[in-house]
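> Sharing final.cif here; it has mmCIF, C-alpha atoms (C1' of nucleotides).
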```
data_data
loop_
_atom_site.group_PDB
_atom_site.id
_atom_site.type_symbol
_atom_site.label_atom_id
_atom_site.label_comp_id
_atom_site.auth_asym_id
_atom_site.auth_seq_id
_atom_site.Cartn_x
_atom_site.Cartn_y
_atom_site.Cartn_z
ATOM 1 C CA MET A 8 -15.968 41.630 -14.048
ATOM 2 C CA THR A 9 -13.324 43.165 -16.194
ATOM 3 C CA THR A 10 -11.042 40.435 -14.973
ATOM 4 C CA ARG A 11 -11.497 37.818 -17.614
ATOM 5 C CA THR A 12 -8.964 35.185 -18.432
ATOM 6 C CA ALA A 13 -7.569 34.863 -21.892
ATOM 7 C CA THR A 14 -9.252 31.484 -22.138
ATOM 8 C CA GLU A 15 -12.651 32.969 -21.386
ATOM 9 C CA ARG A 16 -12.176 35.711 -23.916
ATOM 10 C CA ARG A 17 -11.129 33.245 -26.553
ATOM 11 C CA ALA A 18 -14.118 31.034 -25.854
ATOM 12 C CA ARG A 19 -16.404 34.030 -26.205
ATOM 13 C CA ALA A 20 -14.809 35.113 -29.443
ATOM 14 C CA LYS A 21 -15.138 31.618 -30.777
ATOM 15 C CA VAL A 22 -18.858 31.420 -30.084
ATOM 16 C CA GLU A 23 -19.469 34.771 -31.717
ATOM 17 C CA TYR A 24 -17.385 33.837 -34.687
ATOM 18 C CA ASP A 25 -19.044 30.489 -35.117
ATOM 19 C CA ALA A 26 -22.373 32.285 -35.141
ATOM 20 C CA PHE A 27 -21.049 34.654 -37.778
ATOM 21 C CA LEU A 28 -19.796 31.788 -39.874
ATOM 22 C CA ALA A 29 -23.066 29.944 -39.540
ATOM 23 C CA THR A 30 -25.096 32.898 -40.780
ATOM 24 C CA CYS A 31 -22.716 34.298 -43.381
ATOM 25 C CA PRO A 32 -24.310 33.654 -46.785
ATOM 26 C CA SER A 33 -21.087 32.969 -48.617
ATOM 27 C CA ARG A 34 -20.037 30.463 -45.984
ATOM 28 C CA GLN A 35 -23.347 28.693 -46.215
ATOM 29 C CA LEU A 36 -22.935 28.491 -49.945
ATOM 30 C CA LEU A 37 -19.414 27.183 -49.645
ATOM 31 C CA ASP A 38 -20.494 24.575 -47.158
ATOM 32 C CA ARG A 39 -23.011 23.413 -49.696
ATOM 33 C CA LEU A 40 -20.557 23.357 -52.593
ATOM 34 C CA SER A 41 -17.787 21.797 -50.642
ATOM 35 C CA ASP A 42 -19.713 18.563 -50.619
ATOM 36 C CA LYS A 43 -17.666 16.462 -52.953
ATOM 37 C CA TRP A 44 -20.553 15.495 -55.208
ATOM 38 C CA VAL A 45 -22.790 18.556 -55.298
ATOM 39 C CA VAL A 46 -21.013 20.246 -58.168
ATOM 40 C CA LEU A 47 -20.849 17.056 -60.159
ATOM 41 C CA VAL A 48 -24.565 16.454 -59.791
ATOM 42 C CA LEU A 49 -25.165 20.046 -60.797
ATOM 43 C CA CYS A 50 -23.010 19.540 -63.868
ATOM 44 C CA ALA A 51 -24.743 16.322 -64.808
ATOM 45 C CA LEU A 52 -28.238 17.778 -64.500
ATOM 46 C CA GLY A 53 -27.041 20.973 -66.143
ATOM 47 C CA GLY A 54 -26.271 19.051 -69.294
ATOM 48 C CA GLU A 55 -22.515 18.845 -69.054
ATOM 49 C CA GLY A 56 -22.618 15.124 -68.631
ATOM 50 C CA GLY A 57 -21.454 13.706 -71.953
ATOM 51 C CA ASP A 58 -18.424 15.774 -72.846
ATOM 52 C CA GLY A 59 -19.363 19.256 -73.844
ATOM 53 C CA PRO A 60 -22.284 21.383 -72.694
ATOM 54 C CA GLY A 61 -25.857 20.530 -73.548
ATOM 55 C CA ALA A 62 -29.287 21.551 -72.406
ATOM 56 C CA PRO A 63 -30.313 20.974 -68.807
ATOM 57 C CA ARG A 64 -32.429 17.854 -68.572
ATOM 58 C CA ALA A 65 -34.106 15.466 -66.184
ATOM 59 C CA MET A 66 -32.170 12.354 -65.289
ATOM 60 C CA ARG A 67 -33.029 9.167 -63.508
ATOM 61 C CA TYR A 68 -31.285 8.039 -60.386
ATOM 62 C CA SER A 69 -29.487 5.244 -62.190
ATOM 63 C CA GLU A 70 -28.431 7.566 -65.000
ATOM 64 C CA LEU A 71 -26.803 9.856 -62.482
ATOM 65 C CA ALA A 72 -25.154 6.941 -60.740
ATOM 66 C CA ARG A 73 -23.714 5.751 -64.040
ATOM 67 C CA LEU A 74 -22.555 9.169 -65.180
ATOM 68 C CA ILE A 75 -20.936 10.087 -61.872
ATOM 69 C CA ALA A 76 -19.223 6.746 -61.790
ATOM 70 C CA GLY A 77 -17.261 7.028 -58.580
ATOM 71 C CA VAL A 78 -20.086 7.939 -56.254
ATOM 72 C CA SER A 79 -21.502 5.505 -53.729
ATOM 73 C CA GLN A 80 -25.274 5.296 -53.704
ATOM 74 C CA LYS A 81 -25.280 6.509 -50.161
ATOM 75 C CA MET A 82 -23.571 9.754 -51.104
ATOM 76 C CA LEU A 83 -25.595 10.178 -54.280
ATOM 77 C CA THR A 84 -28.835 9.833 -52.355
ATOM 78 C CA GLN A 85 -27.619 12.101 -49.597
ATOM 79 C CA THR A 86 -26.516 14.734 -52.090
ATOM 80 C CA LEU A 87 -29.766 14.627 -54.016
ATOM 81 C CA ARG A 88 -31.785 14.858 -50.812
ATOM 82 C CA SER A 89 -29.965 17.927 -49.629
ATOM 83 C CA LEU A 90 -30.225 19.574 -53.040
ATOM 84 C CA GLU A 91 -33.934 18.857 -53.066
ATOM 85 C CA ARG A 92 -34.270 20.227 -49.553
ATOM 86 C CA ASP A 93 -32.637 23.458 -50.651
ATOM 87 C CA GLY A 94 -34.903 23.807 -53.647
ATOM 88 C CA LEU A 95 -32.126 23.284 -56.173
ATOM 89 C CA VAL A 96 -33.481 20.107 -57.748
ATOM 90 C CA THR A 97 -36.896 18.506 -58.022
ATOM 91 C CA ARG A 98 -37.547 14.845 -57.379
ATOM 92 C CA THR A 99 -40.302 13.196 -59.395
ATOM 93 C CA VAL A 100 -41.575 9.709 -58.677
ATOM 94 C CA VAL A 101 -43.540 7.785 -61.281
ATOM 95 C CA ALA A 102 -45.289 4.763 -59.827
ATOM 96 C CA THR A 103 -44.389 2.251 -62.495
ATOM 97 C CA VAL A 104 -43.166 -1.204 -61.597
ATOM 98 C CA PRO A 105 -40.436 -0.987 -60.694
ATOM 99 C CA VAL A 106 -40.637 2.619 -59.624
ATOM 100 C CA THR A 107 -39.070 5.380 -61.725
ATOM 101 C CA VAL A 108 -37.498 8.455 -60.127
ATOM 102 C CA SER A 109 -36.144 11.427 -62.022
ATOM 103 C CA TYR A 110 -34.322 14.559 -60.948
ATOM 104 C CA GLU A 111 -34.211 17.962 -62.578
ATOM 105 C CA LEU A 112 -32.682 21.348 -61.831
ATOM 106 C CA THR A 113 -35.011 24.067 -60.605
ATOM 107 C CA ASP A 114 -34.529 27.653 -61.755
ATOM 108 C CA LEU A 115 -32.569 28.245 -58.595
ATOM 109 C CA GLY A 116 -30.473 25.198 -59.353
ATOM 110 C CA GLU A 117 -29.740 26.378 -62.867
ATOM 111 C CA SER A 118 -28.759 29.748 -61.518
ATOM 112 C CA LEU A 119 -26.285 28.124 -59.164
ATOM 113 C CA HIS A 120 -25.035 25.963 -61.987
ATOM 114 C CA GLY A 121 -24.252 29.153 -63.874
ATOM 115 C CA THR A 122 -22.153 30.376 -60.985
ATOM 116 C CA THR A 123 -20.221 27.152 -60.674
ATOM 117 C CA ARG A 124 -19.317 27.594 -64.315
ATOM 118 C CA LEU A 125 -17.536 30.804 -63.397
ATOM 119 C CA LEU A 126 -15.581 28.877 -60.823
ATOM 120 C CA ARG A 127 -14.742 26.342 -63.440
ATOM 121 C CA ALA A 128 -13.584 29.098 -65.744
ATOM 122 C CA TRP A 129 -11.183 30.429 -63.129
ATOM 123 C CA ALA A 130 -9.983 26.933 -62.427
ATOM 124 C CA GLN A 131 -9.315 26.254 -66.073
ATOM 125 C CA ASP A 132 -7.487 29.526 -66.525
ATOM 126 C CA HIS A 133 -5.344 29.457 -63.405
ATOM 127 C CA MET A 134 -5.205 26.035 -61.888
ATOM 128 C CA ASP A 135 -2.200 24.999 -63.942
ATOM 129 C CA ALA A 136 -0.330 28.009 -62.588
ATOM 130 C CA VAL A 137 -1.249 26.954 -59.058
ATOM 131 C CA LEU A 138 -0.030 23.437 -59.659
ATOM 132 C CA ALA A 139 3.198 24.752 -61.150
ATOM 133 C CA ARG A 140 3.770 26.882 -58.051
ATOM 134 C CA ARG A 141 3.062 23.898 -55.897
ATOM 135 C CA GLU A 142 5.654 21.772 -57.651
ATOM 136 C CA GLU A 143 8.223 24.530 -57.484
ATOM 137 C CA HIS A 144 7.541 24.924 -53.801
ATOM 138 C CA ASP A 145 7.794 21.211 -53.108
ATOM 139 C CA ALA A 146 10.987 20.954 -55.100
ATOM 140 C CA ALA A 147 12.534 23.844 -53.173
ATOM 141 C CA SER A 148 11.887 22.107 -49.878
ATOM 142 C CA MET E 1 -11.685 -12.068 -70.156
ATOM 143 C CA THR E 2 -14.936 -10.414 -71.009
ATOM 144 C CA THR E 3 -16.382 -12.093 -67.983
ATOM 145 C CA ARG E 4 -15.973 -9.469 -65.336
ATOM 146 C CA THR E 5 -18.050 -9.288 -62.236
ATOM 147 C CA ALA E 6 -20.085 -6.214 -61.439
ATOM 148 C CA THR E 7 -17.836 -5.632 -58.451
ATOM 149 C CA GLU E 8 -14.747 -5.640 -60.614
ATOM 150 C CA ARG E 9 -16.285 -3.250 -63.071
ATOM 151 C CA ARG E 10 -17.328 -0.915 -60.306
ATOM 152 C CA ALA E 11 -13.891 -0.969 -58.765
ATOM 153 C CA ARG E 12 -12.402 -0.118 -62.129
ATOM 154 C CA ALA E 13 -14.849 2.702 -62.702
ATOM 155 C CA LYS E 14 -14.083 4.059 -59.262
ATOM 156 C CA VAL E 15 -10.364 4.188 -59.878
ATOM 157 C CA GLU E 16 -10.846 5.905 -63.208
ATOM 158 C CA TYR E 17 -13.292 8.344 -61.728
ATOM 159 C CA ASP E 18 -11.099 9.129 -58.779
ATOM 160 C CA ALA E 19 -8.351 9.898 -61.221
ATOM 161 C CA PHE E 20 -10.702 12.160 -63.127
ATOM 162 C CA LEU E 21 -11.726 13.929 -59.954
ATOM 163 C CA ALA E 22 -8.133 14.318 -58.881
ATOM 164 C CA THR E 23 -7.129 15.969 -62.148
ATOM 165 C CA CYS E 24 -10.274 17.962 -62.877
ATOM 166 C CA PRO E 25 -9.359 21.646 -62.432
ATOM 167 C CA SER E 26 -12.688 22.720 -60.987
ATOM 168 C CA ARG E 27 -12.617 19.933 -58.450
ATOM 169 C CA GLN E 28 -9.109 20.858 -57.401
ATOM 170 C CA LEU E 29 -10.210 24.411 -56.922
ATOM 171 C CA LEU E 30 -13.228 23.383 -54.912
ATOM 172 C CA ASP E 31 -11.129 21.158 -52.715
ATOM 173 C CA ARG E 32 -8.995 24.184 -51.983
ATOM 174 C CA LEU E 33 -11.937 26.493 -51.366
ATOM 175 C CA SER E 34 -13.835 24.016 -49.271
ATOM 176 C CA ASP E 35 -11.289 24.437 -46.524
ATOM 177 C CA LYS E 36 -13.258 26.331 -43.941
ATOM 178 C CA TRP E 37 -10.686 29.064 -43.480
ATOM 179 C CA VAL E 38 -9.246 29.591 -46.943
ATOM 180 C CA VAL E 39 -11.906 32.014 -48.079
ATOM 181 C CA LEU E 40 -11.753 33.930 -44.830
ATOM 182 C CA VAL E 41 -7.997 34.351 -45.077
ATOM 183 C CA LEU E 42 -8.430 35.454 -48.672
ATOM 184 C CA CYS E 43 -11.000 38.013 -47.568
ATOM 185 C CA ALA E 44 -8.815 39.288 -44.760
ATOM 186 C CA LEU E 45 -5.748 39.712 -46.957
ATOM 187 C CA GLY E 46 -7.942 41.058 -49.738
ATOM 188 C CA GLY E 47 -8.868 43.978 -47.551
ATOM 189 C CA GLU E 48 -12.376 42.979 -46.522
ATOM 190 C CA GLY E 49 -11.349 42.560 -42.969
ATOM 191 C CA GLY E 50 -12.787 45.558 -41.146
ATOM 192 C CA ASP E 51 -16.319 45.787 -42.480
ATOM 193 C CA GLY E 52 -16.387 46.998 -46.011
ATOM 194 C CA PRO E 53 -13.844 46.524 -48.786
ATOM 195 C CA GLY E 54 -10.417 48.085 -48.662
ATOM 196 C CA ALA E 55 -7.192 47.670 -50.501
ATOM 197 C CA PRO E 56 -5.354 44.353 -50.332
ATOM 198 C CA ARG E 57 -2.583 44.574 -47.794
ATOM 199 C CA ALA E 58 0.030 42.590 -45.936
ATOM 200 C CA MET E 59 -0.922 41.311 -42.512
ATOM 201 C CA ARG E 60 0.964 39.753 -39.673
ATOM 202 C CA TYR E 61 0.165 36.344 -38.309
ATOM 203 C CA SER E 62 -1.284 37.745 -35.130
ATOM 204 C CA GLU E 63 -3.382 40.260 -37.041
ATOM 205 C CA LEU E 64 -4.938 37.458 -39.024
ATOM 206 C CA ALA E 65 -5.502 35.425 -35.884
ATOM 207 C CA ARG E 66 -7.282 38.361 -34.279
ATOM 208 C CA LEU E 67 -9.383 39.210 -37.304
ATOM 209 C CA ILE E 68 -10.444 35.659 -37.986
ATOM 210 C CA ALA E 69 -11.343 35.211 -34.383
ATOM 211 C CA GLY E 70 -12.632 31.641 -34.354
ATOM 212 C CA VAL E 71 -9.652 29.971 -35.979
ATOM 213 C CA SER E 72 -7.248 27.804 -34.023
ATOM 214 C CA GLN E 73 -3.599 28.587 -34.613
ATOM 215 C CA LYS E 74 -3.158 25.112 -35.953
ATOM 216 C CA MET E 75 -5.692 25.660 -38.692
ATOM 217 C CA LEU E 76 -4.494 29.174 -39.434
ATOM 218 C CA THR E 77 -0.938 27.979 -39.880
ATOM 219 C CA GLN E 78 -2.043 25.012 -41.943
ATOM 220 C CA THR E 79 -4.197 27.224 -44.151
ATOM 221 C CA LEU E 80 -1.450 29.777 -44.678
ATOM 222 C CA ARG E 81 1.072 27.056 -45.479
ATOM 223 C CA SER E 82 -1.121 25.519 -48.138
ATOM 224 C CA LEU E 83 -1.919 28.907 -49.646
ATOM 225 C CA GLU E 84 1.761 29.697 -49.771
ATOM 226 C CA ARG E 85 2.499 26.340 -51.319
ATOM 227 C CA ASP E 86 -0.009 27.069 -54.080
ATOM 228 C CA GLY E 87 1.473 30.467 -54.772
ATOM 229 C CA LEU E 88 -1.575 32.364 -53.552
ATOM 230 C CA VAL E 89 0.108 34.179 -50.682
ATOM 231 C CA THR E 90 3.665 35.151 -49.859
ATOM 232 C CA ARG E 91 5.232 34.674 -46.453
ATOM 233 C CA THR E 92 7.829 37.220 -45.396
ATOM 234 C CA VAL E 93 9.991 36.798 -42.324
ATOM 235 C CA VAL E 94 11.792 39.769 -40.789
ATOM 236 C CA ALA E 95 14.431 38.734 -38.286
ATOM 237 C CA THR E 96 13.564 41.182 -35.556
ATOM 238 C CA VAL E 97 13.385 40.091 -31.934
ATOM 239 C CA PRO E 98 10.897 38.663 -31.582
ATOM 240 C CA VAL E 99 10.509 37.601 -35.159
ATOM 241 C CA THR E 100 7.960 39.308 -37.429
ATOM 242 C CA VAL E 101 6.090 37.390 -40.134
ATOM 243 C CA SER E 102 3.729 38.955 -42.639
ATOM 244 C CA TYR E 103 1.513 37.501 -45.314
ATOM 245 C CA GLU E 104 0.300 39.054 -48.523
ATOM 246 C CA LEU E 105 -1.756 38.016 -51.529
ATOM 247 C CA THR E 106 0.100 37.308 -54.752
ATOM 248 C CA ASP E 107 -1.409 38.326 -58.083
ATOM 249 C CA LEU E 108 -2.758 34.831 -58.378
ATOM 250 C CA GLY E 109 -4.238 35.134 -54.917
ATOM 251 C CA GLU E 110 -5.912 38.420 -55.728
ATOM 252 C CA SER E 111 -7.318 36.918 -58.873
ATOM 253 C CA LEU E 112 -8.838 34.101 -56.857
ATOM 254 C CA HIS E 113 -10.135 36.573 -54.341
ATOM 255 C CA GLY E 114 -11.976 38.269 -57.172
ATOM 256 C CA THR E 115 -13.644 35.006 -58.072
ATOM 257 C CA THR E 116 -14.729 34.279 -54.527
ATOM 258 C CA ARG E 117 -16.447 37.644 -54.609
ATOM 259 C CA LEU E 118 -18.654 36.353 -57.424
ATOM 260 C CA LEU E 119 -19.572 33.437 -55.241
ATOM 261 C CA ARG E 120 -20.395 35.814 -52.475
ATOM 262 C CA ALA E 121 -22.579 37.803 -54.832
ATOM 263 C CA TRP E 122 -24.599 34.738 -55.745
ATOM 264 C CA ALA E 123 -24.871 33.792 -52.124
ATOM 265 C CA GLN E 124 -26.136 37.210 -51.160
ATOM 266 C CA ASP E 125 -28.669 37.244 -53.975
ATOM 267 C CA HIS E 126 -30.015 33.737 -53.609
ATOM 268 C CA MET E 127 -29.117 32.232 -50.289
ATOM 269 C CA ASP E 128 -32.215 33.570 -48.587
ATOM 270 C CA ALA E 129 -34.325 31.845 -51.223
ATOM 271 C CA VAL E 130 -32.472 28.614 -50.558
ATOM 272 C CA LEU E 131 -33.027 28.917 -46.841
ATOM 273 C CA ALA E 132 -36.710 29.663 -47.392
ATOM 274 C CA ARG E 133 -37.041 26.518 -49.520
ATOM 275 C CA ARG E 134 -35.294 24.584 -46.842
ATOM 276 C CA GLU E 135 -37.690 25.706 -44.144
ATOM 277 C CA GLU E 136 -40.683 24.985 -46.346
ATOM 278 C CA HIS E 137 -39.321 21.555 -47.031
ATOM 279 C CA ASP E 138 -38.639 20.817 -43.379
ATOM 280 C CA ALA E 139 -42.085 22.077 -42.386
ATOM 281 C CA ALA E 140 -43.743 19.876 -44.991
ATOM 282 C CA SER E 141 -42.105 16.798 -43.597
ATOM 283 C "C1'" DC D 9 -35.304 0.321 -59.549
ATOM 284 C "C1'" DG D 10 -34.353 3.338 -55.938
ATOM 285 C "C1'" DG D 11 -33.422 3.546 -51.992
ATOM 286 C "C1'" DA D 12 -32.766 2.774 -46.154
ATOM 287 C "C1'" DA D 13 -30.100 0.944 -42.294
ATOM 288 C "C1'" DT D 14 -25.943 -0.671 -40.323
ATOM 289 C "C1'" DC D 15 -21.074 -1.038 -39.510
ATOM 290 C "C1'" DC D 16 -16.615 0.619 -39.631
ATOM 291 C "C1'" DT D 17 -12.360 3.154 -40.825
ATOM 292 C "C1'" DA D 18 -9.528 7.191 -42.136
ATOM 293 C "C1'" DA D 19 -9.274 11.895 -41.949
ATOM 294 C "C1'" DC D 20 -10.058 16.137 -39.803
ATOM 295 C "C1'" DC D 21 -9.788 19.387 -36.398
ATOM 296 C "C1'" DG D 22 -9.734 21.538 -31.730
ATOM 297 C "C1'" DA D 23 -7.333 21.728 -27.290
ATOM 298 C "C1'" DT D 24 -3.177 21.647 -24.953
ATOM 299 C "C1'" DA D 25 1.643 21.968 -24.125
ATOM 300 C "C1'" DC D 26 6.159 23.090 -25.539
ATOM 301 C "C1'" DT D 27 9.966 25.881 -28.483
ATOM 302 C "C1'" DG D 28 13.302 29.196 -31.044
ATOM 303 C "C1'" DC S 30 5.745 36.413 -31.748
ATOM 304 C "C1'" DA S 31 4.993 32.686 -34.534
ATOM 305 C "C1'" DG S 32 4.946 28.746 -34.673
ATOM 306 C "C1'" DT S 33 5.631 22.812 -33.863
ATOM 307 C "C1'" DA S 34 4.174 18.385 -31.728
ATOM 308 C "C1'" DT S 35 0.965 15.406 -29.781
ATOM 309 C "C1'" DC S 36 -3.394 13.515 -28.185
ATOM 310 C "C1'" DG S 37 -8.188 12.584 -28.454
ATOM 311 C "C1'" DG S 38 -13.082 13.295 -29.946
ATOM 312 C "C1'" DT S 39 -16.001 13.815 -33.951
ATOM 313 C "C1'" DT S 40 -17.337 12.947 -38.310
ATOM 314 C "C1'" DA S 41 -17.398 12.054 -43.328
ATOM 315 C "C1'" DG S 42 -18.100 8.648 -46.165
ATOM 316 C "C1'" DG S 43 -17.248 3.736 -48.297
ATOM 317 C "C1'" DA S 44 -18.770 -1.181 -48.182
ATOM 318 C "C1'" DT S 45 -22.353 -4.145 -47.303
ATOM 319 C "C1'" DT S 46 -26.887 -5.900 -46.618
ATOM 320 C "C1'" DC S 47 -31.767 -5.652 -46.765
ATOM 321 C "C1'" DC S 48 -36.520 -3.687 -48.422
ATOM 322 C "C1'" DG S 49 -40.966 -1.932 -51.090
#
```
Written as structure tokens, that's how I'd like the structure from this file.

Amino acid sequence: MTTRTATERRARAKVEYDAFLATCPSRQLLDRLSDKWVVLVLCALGGEGGDGPGAPRAMRYSELARLIAGVSQKMLTQTLRSLERDGLVTRTVVATVPVTVSYELTDLGESLHGTTRLLRAWAQDHMDAVLARREEHDAAS
Amino acid sequence: MTTRTATERRARAKVEYDAFLATCPSRQLLDRLSDKWVVLVLCALGGEGGDGPGAPRAMRYSELARLIAGVSQKMLTQTLRSLERDGLVTRTVVATVPVTVSYELTDLGESLHGTTRLLRAWAQDHMDAVLARREEHDAAS
DNA sequence: CGGAATCCTAACCGATACTG
DNA sequence: CAGTATCGGTTAGGATTCCG
């Protein structure tokens, strides 16, 4: 039983590692944030919609769609659903005709929004350096 | 010329927004970080490889492959190449036989590693709450 | 207005095999 | 040892159409 092929060992390692990845908190967070639109929705609901920061506020579906101009309604809906599922935004339906739906950050959502701002800060401070390195590197090819 | 169809307007908005997304620093950073293995490589080179933090250090290709057990060599190479391109890691080749290659974080890379730690902190503090909300939500379906 | 359902394509990514 | 090259399955996500 000590005779295991390299392939078997690799397969085993993979399973264990996948399990680790699946349960690692920071990976779970990154999987969430890596969704192209999550951060933008967070920004919009966090009040950073119209140039410059503002107070977090509730927004209607169509407001979000207009503000985050490039998003398809499929992705916007999908993003909002997953954020709602994770307790980061609330979804409120008012039974007018036609129906009115508004979204708002929860406390948890605002907390996450605060963290994404730190990311943004790093990006704003260092991303130009990264891009410069990239150009240098490409030029030196 | 003021008569534009909704489709035309949407197409226009999409192009503009894609351009915005492509040049927005925080989006560029997130695109980088969203790569499944980037953060793990950063952690490994940052010294968080063998449980608990350590000092950043240079590592060989095979060391990384062993530490980040689940990664395919294709993805590891691809990840390292892109990190090198962005000036976040250095690649050093020593012409022994067989050849020896080692990778190390640059200052920029260490700086980014520091930021990903903040993410990890948020994840560790709040991710359980998120998961709890998720289960509640799924149960209430 | 705020979606849901369907179709369809491009990109990603793992597995495998080969190389200097 | 440290890769490159290629193939094939899976999936993300856009466009479109329909619905309460």
> With a cut-off of 10 Å and counting only C-alpha atoms (C1' of nucleotides), select all residues of chain S in contact with chain E and give the selection as a ChimeraX atom specification.
/S:30-33
> What's around Ala13 (chain E) at 12 Å? Count all atoms listed in the file, leave out sequence neighbours fewer than 5 positions away in its own chain, and write the answer as an MDAnalysis selection string.
(chainID A and resid 72:79) or (chainID E and resid 6:8 18:21)
> The selected residues should be written to file as a compact mmCIF listing (two decimals), in the frame of the given file (atoms: C-alpha atoms).

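What ended up in part-v7.txt:
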```txt
# COMPACT_ATOMS: atom_id res chain seq x y z
CA ALA A 72 -25.15 6.94 -60.74
CA ARG A 73 -23.71 5.75 -64.04
CA LEU A 74 -22.56 9.17 -65.18
CA ILE A 75 -20.94 10.09 -61.87
CA ALA A 76 -19.22 6.75 -61.79
CA GLY A 77 -17.26 7.03 -58.58
CA VAL A 78 -20.09 7.94 -56.25
CA SER A 79 -21.50 5.50 -53.73
CA ALA E 6 -20.08 -6.21 -61.44
CA THR E 7 -17.84 -5.63 -58.45
CA GLU E 8 -14.75 -5.64 -60.61
CA ASP E 18 -11.10 9.13 -58.78
CA ALA E 19 -8.35 9.90 -61.22
CA PHE E 20 -10.70 12.16 -63.13
CA LEU E 21 -11.73 13.93 -59.95
```
> Just how far from CA of Thr122 (chain A) is CA of Gln124 (chain E), in Å to one decimal?
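One can read the CA of Gln124 (chain E) to CA of Thr122 (chain A) distance as 12.6 Å.
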> Distance CA of Gly87 (chain E)-CA of Cys50 (chain A), one decimal place?
28.3 Å
> Just so the selection is clear, what residues does the PyMOL selection byres ((chain A) within 6 of (chain E)) cover here, as a list in words?
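What the PyMOL selection byres ((chain A) within 6 of (chain E)) grabs from the file is Lys21, Tyr24, Pro32, Ser33, Ser41, Gly77, Arg92, Asp93, Gly94, Arg127, Ala130, Gln131, Val137, Arg140, Arg141 and His144 of chain A.
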> So that I can check the surroundings of region 15-22 of chain D, please list as a ChimeraX atom specification every protein, DNA and RNA residue that reaches within 9 Å of it, counting only C-alpha atoms (C1' of nucleotides) and ignoring chain neighbours fewer than 5 positions away.
/E:72,74-75 /S:39-41,43-45
